[in-house]
file target_18.txt (compact mmCIF, C-alpha atoms)
# COMPACT_ATOMS: atom_id res chain seq x y z
CA MET A 1176 -68.97 65.96 22.47
CA LEU A 1177 -66.94 68.74 24.13
CA ASP A 1178 -69.85 71.17 23.60
CA GLN A 1179 -72.08 68.79 25.54
CA LEU A 1180 -69.51 68.35 28.29
CA ALA A 1181 -69.19 72.14 28.61
CA THR A 1182 -72.78 72.21 29.87
CA TYR A 1183 -72.08 69.73 32.73
CA ARG A 1184 -73.76 70.94 35.91
CA ARG A 1185 -74.61 69.35 39.26
CA LEU A 1186 -76.25 71.13 42.16
CA VAL A 1187 -76.11 69.04 45.34
CA THR A 1188 -77.05 69.49 48.99
CA LEU A 1189 -74.58 67.57 51.13
CA ASN A 1190 -75.41 65.73 54.37
CA ASP A 1191 -74.42 68.71 56.47
CA GLY A 1192 -76.71 71.03 54.47
CA LEU A 1193 -73.96 72.59 52.32
CA ARG A 1194 -75.23 73.44 48.82
CA VAL A 1195 -72.56 72.97 46.18
CA LEU A 1196 -72.60 73.66 42.43
CA ILE A 1197 -70.15 71.65 40.29
CA ARG A 1198 -69.55 72.94 36.75
CA PRO A 1199 -66.70 73.40 34.25
CA LEU A 1200 -64.27 76.29 34.74
CA THR A 1201 -64.77 79.17 32.28
CA LYS A 1202 -62.71 82.25 31.36
CA ALA A 1203 -65.03 84.36 33.49
CA ASP A 1204 -63.87 82.48 36.62
CA LYS A 1205 -60.32 83.91 36.54
CA GLU A 1206 -60.71 86.26 39.51
CA GLN A 1207 -62.40 83.62 41.65
CA LEU A 1208 -59.77 81.01 40.80
CA LEU A 1209 -56.96 83.42 41.67
CA LYS A 1210 -58.68 84.06 45.02
CA LEU A 1211 -58.73 80.30 45.74
CA PHE A 1212 -55.07 79.71 44.90
CA THR A 1213 -53.58 82.86 46.43
CA ALA A 1214 -55.09 81.74 49.76
CA VAL A 1215 -53.31 78.33 49.70
CA PRO A 1216 -51.56 77.81 53.05
CA PRO A 1217 -47.77 77.12 52.89
CA GLU A 1218 -48.12 73.50 54.04
CA ASP A 1219 -50.33 72.76 51.01
CA VAL A 1220 -48.00 74.46 48.49
CA ASP A 1221 -45.48 71.64 49.05
CA TYR A 1222 -47.92 69.24 47.38
CA PHE A 1223 -48.32 71.18 44.13
CA ARG A 1224 -46.40 70.32 40.99
CA SER A 1225 -47.28 73.43 39.02
CA ASP A 1226 -46.67 76.83 40.51
CA ALA A 1227 -50.25 77.54 41.61
CA SER A 1228 -48.95 80.28 43.91
CA ASP A 1229 -47.95 82.29 40.80
CA PRO A 1230 -50.97 84.39 39.71
CA ALA A 1231 -49.73 84.37 36.10
CA VAL A 1232 -49.83 80.55 36.04
CA VAL A 1233 -53.36 80.42 37.50
CA ALA A 1234 -54.54 83.15 35.10
CA SER A 1235 -53.23 81.09 32.16
CA TRP A 1236 -55.43 78.15 33.21
CA CYS A 1237 -58.46 80.36 32.45
CA ASP A 1238 -57.03 82.22 29.47
CA GLU A 1239 -55.79 79.08 27.70
CA LEU A 1240 -58.74 76.76 28.38
CA ASP A 1241 -58.77 73.73 26.11
CA TYR A 1242 -61.24 71.09 27.27
CA SER A 1243 -59.72 68.57 24.82
CA LYS A 1244 -56.47 68.64 26.82
CA VAL A 1245 -57.49 69.60 30.38
CA PHE A 1246 -61.10 69.40 31.60
CA PRO A 1247 -61.46 71.50 34.78
CA LEU A 1248 -64.41 71.36 37.16
CA VAL A 1249 -64.93 73.92 39.90
CA ALA A 1250 -67.06 73.67 43.04
CA LEU A 1251 -68.94 76.78 44.10
CA VAL A 1252 -70.56 77.62 47.43
CA ASN A 1253 -72.50 80.91 47.46
CA ASP A 1254 -70.90 81.80 44.10
CA GLN A 1255 -67.38 81.42 45.54
CA ILE A 1256 -65.00 78.83 44.04
CA ILE A 1257 -63.95 76.54 46.89
CA GLY A 1258 -62.46 73.67 44.87
CA ASP A 1259 -60.80 72.88 41.55
CA ALA A 1260 -60.58 69.37 40.05
CA THR A 1261 -58.87 68.77 36.71
CA LEU A 1262 -58.79 65.90 34.24
CA HIS A 1263 -55.55 65.94 32.22
CA ILE A 1264 -56.14 63.92 29.06
CA GLY A 1265 -53.20 61.91 27.68
CA ALA A 1266 -52.00 62.18 24.08
CA ASN A 1267 -50.98 59.65 21.43
CA TYR A 1268 -50.03 56.42 23.18
CA ASN A 1269 -51.57 57.72 26.43
CA ARG A 1270 -54.81 58.89 24.75
CA HIS A 1271 -56.83 56.31 26.71
CA ILE A 1272 -55.70 57.69 30.07
CA GLY A 1273 -56.62 60.74 32.16
CA TRP A 1274 -54.78 62.08 35.20
CA VAL A 1275 -56.87 63.67 37.95
CA ARG A 1276 -55.79 66.44 40.32
CA LEU A 1277 -57.86 68.06 43.06
CA TYR A 1278 -57.51 71.06 45.36
CA LEU A 1279 -60.07 72.03 47.99
CA ASP A 1280 -60.15 75.02 50.31
CA ARG A 1281 -59.37 73.67 53.82
CA GLU A 1282 -62.73 74.76 55.20
CA TYR A 1283 -64.54 72.47 52.77
CA ARG A 1284 -62.54 69.27 53.16
CA ARG A 1285 -63.93 66.01 54.61
CA ARG A 1286 -67.49 67.09 53.75
CA GLY A 1287 -68.06 65.17 50.51
CA VAL A 1288 -67.10 67.95 48.06
CA GLY A 1289 -63.98 66.17 46.79
CA GLY A 1290 -65.92 62.96 46.17
CA LEU A 1291 -68.56 64.92 44.22
CA MET A 1292 -65.95 66.58 42.04
CA LEU A 1293 -64.10 63.34 41.35
CA SER A 1294 -67.39 61.57 40.52
CA GLY A 1295 -67.98 64.38 38.02
CA LEU A 1296 -64.58 63.80 36.43
CA ILE A 1297 -65.25 60.05 36.30
CA ASP A 1298 -68.54 60.74 34.43
CA ILE A 1299 -66.71 63.05 32.02
CA ALA A 1300 -63.93 60.48 31.50
CA ARG A 1301 -66.50 57.78 30.65
CA LYS A 1302 -68.21 60.07 28.11
CA ILE A 1303 -64.86 60.91 26.49
CA GLY A 1304 -64.06 57.18 26.27
CA LEU A 1305 -61.06 57.04 28.58
CA GLN A 1306 -60.05 53.60 29.89
CA GLN A 1307 -58.07 54.57 33.00
CA LEU A 1308 -57.97 57.42 35.46
CA ILE A 1309 -54.80 57.95 37.44
CA ALA A 1310 -54.26 59.90 40.66
CA GLU A 1311 -50.73 60.43 42.02
CA VAL A 1312 -50.88 60.92 45.81
CA VAL A 1313 -47.98 61.33 48.22
CA MET A 1314 -47.84 58.25 50.49
CA ASN A 1315 -48.23 60.21 53.73
CA GLN A 1316 -51.62 61.56 52.62
CA VAL A 1317 -53.40 58.51 54.03
CA GLN A 1318 -56.90 60.05 54.18
CA VAL A 1319 -56.65 61.23 50.57
CA ILE A 1320 -55.58 57.74 49.45
CA LYS A 1321 -58.52 56.21 51.35
CA ALA A 1322 -60.93 58.70 49.74
CA PHE A 1323 -59.74 57.67 46.26
CA GLN A 1324 -60.00 53.99 47.22
CA ASN A 1325 -63.60 54.60 48.33
CA LEU A 1326 -64.31 55.77 44.77
CA GLY A 1327 -62.89 52.55 43.32
CA PHE A 1328 -59.28 53.60 42.69
CA LYS A 1329 -56.70 50.91 43.52
CA GLN A 1330 -53.06 51.46 44.36
CA GLU A 1331 -51.16 49.62 41.61
CA PHE A 1332 -47.71 51.16 41.83
CA ALA A 1333 -45.52 53.50 43.87
CA TYR A 1334 -43.00 55.90 42.38
CA ARG A 1335 -40.01 55.59 44.72
CA ASP A 1336 -38.76 58.91 46.19
CA PHE A 1337 -40.89 60.91 43.76
CA PHE A 1338 -41.88 63.57 46.30
CA MET A 1339 -39.41 65.98 47.89
CA THR A 1340 -40.17 68.52 50.66
CA PRO A 1341 -38.58 72.00 50.56
CA GLN A 1342 -36.12 70.62 53.16
CA GLY A 1343 -35.02 67.85 50.76
CA GLU A 1344 -36.68 64.81 52.37
CA THR A 1345 -38.15 62.32 49.92
CA SER A 1346 -41.09 59.99 50.08
CA ASP A 1347 -42.88 57.72 47.65
CA VAL A 1348 -45.89 58.69 45.54
CA ALA A 1349 -48.75 56.19 45.22
CA LEU A 1350 -50.24 55.60 41.79
CA LEU A 1351 -53.97 55.06 42.24
CA ILE A 1352 -55.81 53.78 39.19
CA LEU A 1353 -59.49 53.50 38.33
CA ARG A 1354 -59.98 51.16 35.41
CA ILE A 1355 -63.10 52.41 33.67
CA VAL A 1356 -62.65 49.64 31.09
CA GLU A 1357 -61.23 46.61 32.93
CA ASN A 1358 -60.51 44.29 30.05
CA PRO A 1359 -59.87 46.29 26.88
CA ALA A 1360 -59.21 43.16 24.78
CA THR A 1361 -62.56 41.38 24.66
CA PHE A 1362 -64.76 39.87 21.95
CA MET B 245 -24.42 74.99 36.65
CA GLU B 246 -26.95 75.85 33.94
CA SER B 247 -24.13 77.09 31.66
CA ASN B 248 -22.35 73.73 32.12
CA ILE B 249 -25.52 72.06 30.95
CA ILE B 250 -26.05 74.40 27.97
CA ASN B 251 -22.43 73.90 26.86
CA TYR B 252 -22.48 70.11 27.27
CA ARG B 253 -20.61 68.38 24.46
CA LYS B 254 -19.02 64.94 24.24
CA SER B 255 -17.54 63.26 21.18
CA THR B 256 -17.10 59.51 20.93
CA THR B 257 -16.02 57.06 18.29
CA LEU B 258 -18.29 54.01 18.34
CA ALA B 259 -17.83 50.57 16.82
CA ARG B 260 -16.98 50.49 13.10
CA GLY B 261 -15.56 54.00 13.36
CA LEU B 262 -18.90 55.83 13.76
CA HIS B 263 -18.09 59.27 15.11
CA VAL B 264 -20.84 60.80 17.29
CA THR B 265 -21.03 64.14 19.07
CA VAL B 266 -23.67 64.41 21.78
CA ARG B 267 -24.48 68.06 22.40
CA MET B 268 -27.26 70.49 23.21
CA LEU B 269 -29.91 71.23 20.59
CA THR B 270 -29.64 74.82 19.26
CA PRO B 271 -31.90 77.00 17.06
CA ALA B 272 -29.50 76.35 14.16
CA ASP B 273 -30.54 72.66 14.34
CA ARG B 274 -34.13 73.34 13.34
CA ASP B 275 -33.88 71.88 9.84
CA GLY B 276 -31.74 68.97 11.06
CA LEU B 277 -34.30 68.12 13.75
CA LEU B 278 -37.15 68.24 11.23
CA ALA B 279 -35.17 65.93 8.93
CA MET B 280 -34.52 63.53 11.84
CA PHE B 281 -38.21 63.20 12.72
CA ALA B 282 -39.05 62.82 9.03
CA CYS B 283 -37.21 59.49 9.19
CA ALA B 284 -39.70 58.15 11.78
CA THR B 285 -41.81 55.33 10.31
CA LYS B 286 -45.52 54.81 10.98
CA ASP B 287 -44.51 52.23 13.60
CA ASP B 288 -42.05 54.66 15.24
CA LEU B 289 -44.70 57.39 15.45
CA GLN B 290 -46.75 55.28 17.87
CA TYR B 291 -44.05 55.65 20.51
CA PHE B 292 -44.09 59.45 20.79
CA ARG B 293 -46.26 61.39 23.21
CA ASP B 294 -46.10 64.51 20.99
CA ASP B 295 -47.01 64.86 17.31
CA VAL B 296 -43.54 64.96 15.72
CA THR B 297 -45.11 65.33 12.25
CA ASP B 298 -46.24 68.83 13.32
CA ARG B 299 -43.44 70.93 11.80
CA ALA B 300 -44.38 74.06 13.77
CA LEU B 301 -44.18 72.12 17.03
CA VAL B 302 -40.80 70.53 16.22
CA SER B 303 -39.44 73.91 15.03
CA SER B 304 -40.46 75.46 18.35
CA TRP B 305 -38.41 72.85 20.23
CA ALA B 306 -35.26 74.00 18.45
CA GLU B 307 -36.11 77.69 18.59
CA HIS B 308 -37.06 77.82 22.29
CA VAL B 309 -34.68 75.64 24.29
CA ASP B 310 -35.30 76.04 28.05
CA VAL B 311 -33.02 73.72 29.99
CA LYS B 312 -34.88 74.47 33.20
CA ARG B 313 -37.87 72.60 31.71
CA VAL B 314 -36.49 70.19 29.06
CA VAL B 315 -32.85 69.43 28.28
CA PRO B 316 -32.62 68.33 24.62
CA LEU B 317 -29.46 66.50 23.57
CA VAL B 318 -28.85 65.53 19.95
CA ALA B 319 -26.47 62.99 18.45
CA GLU B 320 -24.67 64.66 15.55
CA ILE B 321 -23.32 62.14 13.04
CA GLY B 322 -21.58 63.30 9.87
CA GLY B 323 -23.30 66.70 9.98
CA ARG B 324 -26.77 65.16 10.48
CA ILE B 325 -28.86 64.72 13.59
CA GLY B 326 -29.20 60.96 13.97
CA GLY B 327 -31.00 60.88 17.31
CA GLN B 328 -32.29 62.90 20.24
CA ALA B 329 -32.66 62.31 23.96
CA THR B 330 -34.64 64.69 26.16
CA LEU B 331 -34.64 65.12 29.91
CA HIS B 332 -38.04 66.39 31.11
CA ARG B 333 -37.49 68.05 34.46
CA GLY B 334 -40.08 67.93 37.22
CA ARG B 335 -41.42 70.97 39.03
CA GLY B 336 -42.56 71.70 42.57
CA TYR B 337 -42.39 68.52 44.60
CA ASN B 338 -40.89 66.68 41.58
CA ARG B 339 -38.06 69.13 40.99
CA HIS B 340 -35.43 66.52 41.97
CA VAL B 341 -36.64 64.00 39.35
CA ALA B 342 -36.65 63.96 35.54
CA GLU B 343 -37.93 61.66 32.80
CA VAL B 344 -35.75 60.50 29.92
CA ARG B 345 -37.17 60.07 26.39
CA ILE B 346 -35.13 58.95 23.41
CA PHE B 347 -35.42 58.49 19.65
CA VAL B 348 -32.77 57.23 17.24
CA CYS B 349 -33.27 57.07 13.45
CA ARG B 350 -33.53 53.46 12.26
CA GLU B 351 -30.36 53.66 10.14
CA PHE B 352 -28.32 54.41 13.28
CA ARG B 353 -29.89 51.88 15.66
CA GLY B 354 -27.91 49.00 17.16
CA ARG B 355 -24.62 50.92 16.88
CA GLY B 356 -24.31 52.56 20.30
CA VAL B 357 -25.87 55.93 19.43
CA GLY B 358 -28.71 55.47 21.92
CA THR B 359 -26.25 54.51 24.65
CA ALA B 360 -24.15 57.62 23.91
CA LEU B 361 -27.27 59.79 24.16
CA ILE B 362 -28.38 58.20 27.44
CA GLN B 363 -24.86 58.67 28.85
CA GLY B 364 -25.13 62.35 27.91
CA ILE B 365 -28.45 62.58 29.73
CA VAL B 366 -26.92 60.94 32.83
CA ASP B 367 -24.01 63.43 32.74
CA VAL B 368 -26.45 66.37 32.47
CA ALA B 369 -28.66 65.00 35.25
CA LYS B 370 -25.62 64.89 37.54
CA LEU B 371 -24.69 68.47 36.59
CA ALA B 372 -28.25 69.52 37.43
CA GLY B 373 -27.98 67.86 40.86
CA LEU B 374 -30.96 65.60 40.26
CA HIS B 375 -31.86 62.88 42.76
CA HIS B 376 -32.91 60.33 40.15
CA ILE B 377 -34.03 59.99 36.55
CA PHE B 378 -36.45 57.50 35.05
CA THR B 379 -37.77 56.26 31.74
CA LEU B 380 -40.89 54.44 30.61
CA THR B 381 -40.50 51.81 27.94
CA VAL B 382 -42.93 49.34 26.37
CA SER B 383 -42.27 45.91 27.86
CA SER B 384 -41.60 44.34 24.42
CA LYS B 385 -38.72 46.77 23.65
CA THR B 386 -36.04 44.60 25.21
CA GLN B 387 -33.16 46.19 23.25
CA ASP B 388 -34.04 49.62 24.66
CA MET B 389 -34.25 48.18 28.17
CA ARG B 390 -30.82 46.56 27.79
CA ALA B 391 -29.31 49.92 26.74
CA PHE B 392 -30.70 51.58 29.87
CA GLU B 393 -29.64 48.64 32.09
CA GLY B 394 -26.13 48.91 30.69
CA LEU B 395 -25.92 52.43 32.15
CA GLY B 396 -27.21 51.42 35.58
CA PHE B 397 -30.96 51.88 35.24
CA ARG B 398 -32.97 49.27 37.16
CA VAL B 399 -36.56 48.12 36.70
CA GLU B 400 -38.81 49.69 39.34
CA GLY B 401 -42.08 48.13 38.23
CA SER B 402 -44.69 47.65 35.57
CA LEU B 403 -47.60 49.92 34.56
CA ARG B 404 -50.41 47.72 33.25
CA ASP B 405 -52.04 48.80 29.95
CA ARG B 406 -50.19 52.14 30.01
CA PHE B 407 -49.42 52.09 26.26
CA MET B 408 -52.00 52.10 23.46
CA ASP B 409 -50.90 51.37 19.89
CA ALA B 410 -52.38 52.80 16.69
CA GLU B 411 -54.96 49.97 16.53
CA GLY B 412 -56.13 50.55 20.11
CA ASN B 413 -54.40 47.54 21.70
CA THR B 414 -52.89 48.18 25.13
CA TYR B 415 -49.54 46.98 26.45
CA ASP B 416 -47.69 47.29 29.73
CA MET B 417 -44.88 49.78 30.21
CA ILE B 418 -41.85 49.26 32.42
CA GLU B 419 -40.49 52.03 34.62
CA MET B 420 -36.70 52.00 34.90
CA ALA B 421 -34.82 54.39 37.19
CA LEU B 422 -31.25 55.49 37.89
CA HIS B 423 -30.72 56.86 41.39
CA LEU B 424 -27.93 59.45 41.31
CA LYS B 425 -27.77 60.26 45.00
CA ARG B 426 -27.04 57.70 47.67
CA ASP B 427 -30.03 56.71 49.80
CA ALA B 428 -29.70 57.71 53.44
CA GLY B 429 -28.60 54.73 55.52
CA PHE B 430 -26.48 53.53 58.42

call {"tool": "encode", "arguments": {"input": "target_18.txt", "output": "structure tokens"}}
result
Amino acid sequence: MLDQLATYRRLVTLNDGLRVLIRPLTKADKEQLLKLFTAVPPEDVDYFRSDASDPAVVASWCDELDYSKVFPLVALVNDQIIGDATLHIGANYNRHIGWVRLYLDREYRRRGVGGLMLSGLIDIARKIGLQQLIAEVVMNQVQVIKAFQNLGFKQEFAYRDFFMTPQGETSDVALLILRIVENPATF
Amino acid sequence: MESNIINYRKSTTLARGLHVTVRMLTPADRDGLLAMFACATKDDLQYFRDDVTDRALVSSWAEHVDVKRVVPLVAEIGGRIGGQATLHRGRGYNRHVAEVRIFVCREFRGRGVGTALIQGIVDVAKLAGLHHIFTLTVSSKTQDMRAFEGLGFRVEGSLRDRFMDAEGNTYDMIEMALHLKRDAGF
């Protein structure tokens, strides 16, 4: 199954003429991925949980690839990685759930690339047999929440004061859930 | 502050004279920790997120304690480890929050050991300056919820079908949180 998923590829021309290739991240992408994450502007760094500004951390994502735990898709424009979307697969009692995270270079936002990448992860999640996909989005990111809702995610919960800025201000984090299997207990 | 956390130790005598010391896990506890998880039944094993039957994994927890990532407290009872509570610290925008997980061997349940462990976690969370801590528990585990409520945790909400048992049935989980810093207000 994972061998098949490793060959996932979509080449799409968006409405504005942008040609984007979506495929899984490989070890050979390390340099490109580092280039994407070292260019993250400071205002975006606040929204990361892992230390993506540390080159050693980003390098480990390529060196320690394990599609059974984290399935990463990258978006390429003219052979440059402009986006990274990851499916983090739960274990044991969470084995039916995947968490999705997405980062796009600013120049390529609001153009349909994020939706393409997330649709890819939804396809992958269905093939793996996951029942739910979860996205955790800070409440003030209204456009991001709307984009997830347009893909069928629904806000089911909010983690109170889960997000803190470098200055120490807190805000809630919305839990957006896509139920791939709506009623697991059926005849 | 980190040295206060690493050196955390609290001894209590519970009902019926049960003497418990809640303290940090150390590399010397490796065999004791393995023995503790060996007492987990097939039913218990469903409630872990990690594979606690993997001896290499469990050994690594004792050998590589990093309180900046996970604070592991054990309940030492009569020279044995009877239970463990872990505080999983957030990073980046979550650095002010941590999740509590707990396991107590069946022979020591219902005697206050879990409560002593959770109290230890609360003490450590305050030492670390955390904003709040939370736990996720299956909605049917009312005894666990009462132990957390007794220490001030409050139900924040329900996560539908978050838990899957060994047979593939799903159940809701309840999020309970303890806010350690006062909310801003008038």

call {"tool": "closest_residue", "arguments": {"input": "target_18.txt", "among": "A:Gly1327, A:Pro1199, A:Gly1192, A:Gly1304", "to": "Gly1290 in chain A", "atoms": "all atoms listed in the file"}}
result
A:Gly1327

call {"tool": "closest_residue", "arguments": {"input": "target_18.txt", "among": "A:Ile1303, A:Leu1351, A:Leu1296, A:Val1233", "to": "Gln1179 in chain A", "atoms": "all atoms listed in the file"}}
result
A:Ile1303

call {"tool": "residues_around", "arguments": {"input": "target_18.txt", "residues": "Thr1213 in chain A", "least_positions_apart": "3", "cutoff": "9 Å", "atoms": "all atoms listed in the file", "output": "ChimeraX atom specification"}}
result
/A:1208-1210,1216,1227-1230

call {"tool": "closest_residue", "arguments": {"input": "target_18.txt", "among": "B:Asp275, B:Asp310, B:Asp405, B:Asp298", "to": "Glu1331 in chain A", "atoms": "all atoms listed in the file"}}
result
B:Asp405

call {"tool": "residues_around", "arguments": {"input": "target_18.txt", "residues": "Ala1322 in chain A", "least_positions_apart": "2", "cutoff": "12 Å", "atoms": "all atoms listed in the file", "output": "JSON list (two decimals) with C-alpha atoms, keeping the file's coordinate frame"}}
result
[["chain", "number", "residue", "atom", "x", "y", "z"],
["A", 1277, "LEU", "CA", -57.86, 68.06, 43.06],
["A", 1284, "ARG", "CA", -62.54, 69.27, 53.16],
["A", 1285, "ARG", "CA", -63.93, 66.01, 54.61],
["A", 1286, "ARG", "CA", -67.49, 67.09, 53.75],
["A", 1287, "GLY", "CA", -68.06, 65.17, 50.51],
["A", 1288, "VAL", "CA", -67.10, 67.95, 48.06],
["A", 1289, "GLY", "CA", -63.98, 66.17, 46.79],
["A", 1290, "GLY", "CA", -65.92, 62.96, 46.17],
["A", 1291, "LEU", "CA", -68.56, 64.92, 44.22],
["A", 1293, "LEU", "CA", -64.10, 63.34, 41.35],
["A", 1294, "SER", "CA", -67.39, 61.57, 40.52],
["A", 1310, "ALA", "CA", -54.26, 59.90, 40.66],
["A", 1312, "VAL", "CA", -50.88, 60.92, 45.81],
["A", 1316, "GLN", "CA", -51.62, 61.56, 52.62],
["A", 1317, "VAL", "CA", -53.40, 58.51, 54.03],
["A", 1318, "GLN", "CA", -56.90, 60.05, 54.18],
["A", 1319, "VAL", "CA", -56.65, 61.23, 50.57],
["A", 1320, "ILE", "CA", -55.58, 57.74, 49.45],
["A", 1324, "GLN", "CA", -60.00, 53.99, 47.22],
["A", 1325, "ASN", "CA", -63.60, 54.60, 48.33],
["A", 1326, "LEU", "CA", -64.31, 55.77, 44.77],
["A", 1327, "GLY", "CA", -62.89, 52.55, 43.32],
["A", 1328, "PHE", "CA", -59.28, 53.60, 42.69],
["A", 1329, "LYS", "CA", -56.70, 50.91, 43.52],
["A", 1330, "GLN", "CA", -53.06, 51.46, 44.36],
["A", 1351, "LEU", "CA", -53.97, 55.06, 42.24]]

call {"tool": "residues_around", "arguments": {"input": "target_18.txt", "residues": "Val1187 in chain A", "least_positions_apart": "4", "cutoff": "7 Å", "atoms": "all atoms listed in the file", "output": "VMD selection string"}}
result
chain A and resid 1194 to 1196

call {"tool": "write_last_selection", "arguments": {"input": "target_18.txt", "atoms": "C-alpha atoms", "output": "PDB file, in the coordinates of the input"}}
result
ATOM      1  CA  ARG A1194     -75.230  73.440  48.820  1.00  0.00           C
ATOM      2  CA  VAL A1195     -72.560  72.970  46.180  1.00  0.00           C
ATOM      3  CA  LEU A1196     -72.600  73.660  42.430  1.00  0.00           C
TER       4      LEU A1196
END

call {"tool": "residues_around", "arguments": {"input": "target_18.txt", "residues": "Pro316 in chain B", "least_positions_apart": "6", "cutoff": "9 Å", "atoms": "all atoms listed in the file", "output": "PDB file with C-alpha atoms, in the coordinates of the input"}}
result
ATOM      1  CA  ARG B 267     -24.480  68.060  22.400  1.00  0.00           C
ATOM      2  CA  MET B 268     -27.260  70.490  23.210  1.00  0.00           C
ATOM      3  CA  LEU B 269     -29.910  71.230  20.590  1.00  0.00           C
ATOM      4  CA  THR B 270     -29.640  74.820  19.260  1.00  0.00           C
ATOM      5  CA  TRP B 305     -38.410  72.850  20.230  1.00  0.00           C
ATOM      6  CA  ALA B 306     -35.260  74.000  18.450  1.00  0.00           C
ATOM      7  CA  VAL B 309     -34.680  75.640  24.290  1.00  0.00           C
ATOM      8  CA  ASP B 310     -35.300  76.040  28.050  1.00  0.00           C
ATOM      9  CA  GLN B 328     -32.290  62.900  20.240  1.00  0.00           C
ATOM     10  CA  ALA B 329     -32.660  62.310  23.960  1.00  0.00           C
ATOM     11  CA  THR B 330     -34.640  64.690  26.160  1.00  0.00           C
ATOM     12  CA  LEU B 331     -34.640  65.120  29.910  1.00  0.00           C
ATOM     13  CA  HIS B 332     -38.040  66.390  31.110  1.00  0.00           C
ATOM     14  CA  ILE B 365     -28.450  62.580  29.730  1.00  0.00           C
TER      15      ILE B 365
END

call {"tool": "interface_residues", "arguments": {"input": "target_18.txt", "of": "chain A", "to": "chain B", "cutoff": "7 Å", "atoms": "all atoms listed in the file", "output": "VMD selection string"}}
result
chain A and resid 1221 to 1226 1266 to 1269 1337 to 1340

call {"tool": "atom_distance", "arguments": {"input": "target_18.txt", "atom1": "CA of Phe392 in chain B", "atom2": "CA of Gly354 in chain B"}}
result
13.3 Å

call {"tool": "closest_residue", "arguments": {"input": "target_18.txt", "among": "A:Glu1344, A:Arg1281, A:Tyr1334, A:Val1356", "to": "Met420 in chain B", "atoms": "all atoms listed in the file"}}
result
A:Tyr1334

call {"tool": "atom_distance", "arguments": {"input": "target_18.txt", "atom1": "CA of Leu1200 in chain A", "atom2": "CA of Thr1261 in chain A"}}
result
9.5 Å

call {"tool": "atom_distance", "arguments": {"input": "target_18.txt", "atom1": "CA of Ala272 in chain B", "atom2": "CA of Ala391 in chain B"}}
result
29.3 Å

call {"tool": "closest_residue", "arguments": {"input": "target_18.txt", "among": "B:Gly326, B:Ala279, B:Ala319, B:Ala372", "to": "Ile250 in chain B", "atoms": "all atoms listed in the file"}}
result
B:Ala372

call {"tool": "closest_residue", "arguments": {"input": "target_18.txt", "among": "B:Ala282, B:Leu371, B:Val382, B:Val264", "to": "Gly358 in chain B", "atoms": "all atoms listed in the file"}}
result
B:Val264

call {"tool": "residues_around", "arguments": {"input": "target_18.txt", "residues": "Ile1272 in chain A", "least_positions_apart": "2", "cutoff": "7 Å", "atoms": "all atoms listed in the file", "output": "number ranges by chain"}}
result
A: 1264-1265, 1269-1270, 1274, 1305-1308

call {"tool": "build_atoms", "arguments": {"input": "target_18.txt", "residues": "range 1199-1210 of chain A", "atoms": "N, CA and C atoms", "output": "compact mmCIF listing (two decimals), in the coordinates of the input"}}
result
# COMPACT_ATOMS: atom_id res chain seq x y z
N PRO A 1199 -68.01 73.16 34.84
CA PRO A 1199 -66.70 73.40 34.25
C PRO A 1199 -66.22 74.83 34.51
N LEU A 1200 -64.91 74.98 34.63
CA LEU A 1200 -64.27 76.29 34.74
C LEU A 1200 -64.46 77.04 33.41
N THR A 1201 -64.69 78.34 33.50
CA THR A 1201 -64.77 79.17 32.28
C THR A 1201 -63.81 80.34 32.43
N LYS A 1202 -63.61 81.07 31.32
CA LYS A 1202 -62.71 82.25 31.36
C LYS A 1202 -63.17 83.27 32.39
N ALA A 1203 -64.48 83.35 32.57
CA ALA A 1203 -65.03 84.36 33.49
C ALA A 1203 -64.69 84.07 34.94
N ASP A 1204 -64.17 82.88 35.24
CA ASP A 1204 -63.87 82.48 36.62
C ASP A 1204 -62.49 82.92 37.08
N LYS A 1205 -61.74 83.64 36.25
CA LYS A 1205 -60.32 83.91 36.54
C LYS A 1205 -60.12 84.53 37.93
N GLU A 1206 -60.90 85.57 38.23
CA GLU A 1206 -60.71 86.26 39.51
C GLU A 1206 -60.97 85.34 40.70
N GLN A 1207 -62.02 84.56 40.59
CA GLN A 1207 -62.40 83.62 41.65
C GLN A 1207 -61.33 82.56 41.85
N LEU A 1208 -60.78 82.06 40.73
CA LEU A 1208 -59.77 81.01 40.80
C LEU A 1208 -58.49 81.56 41.44
N LEU A 1209 -58.14 82.78 41.07
CA LEU A 1209 -56.96 83.42 41.67
C LEU A 1209 -57.15 83.55 43.17
N LYS A 1210 -58.38 83.91 43.58
CA LYS A 1210 -58.68 84.06 45.02
C LYS A 1210 -58.46 82.74 45.74
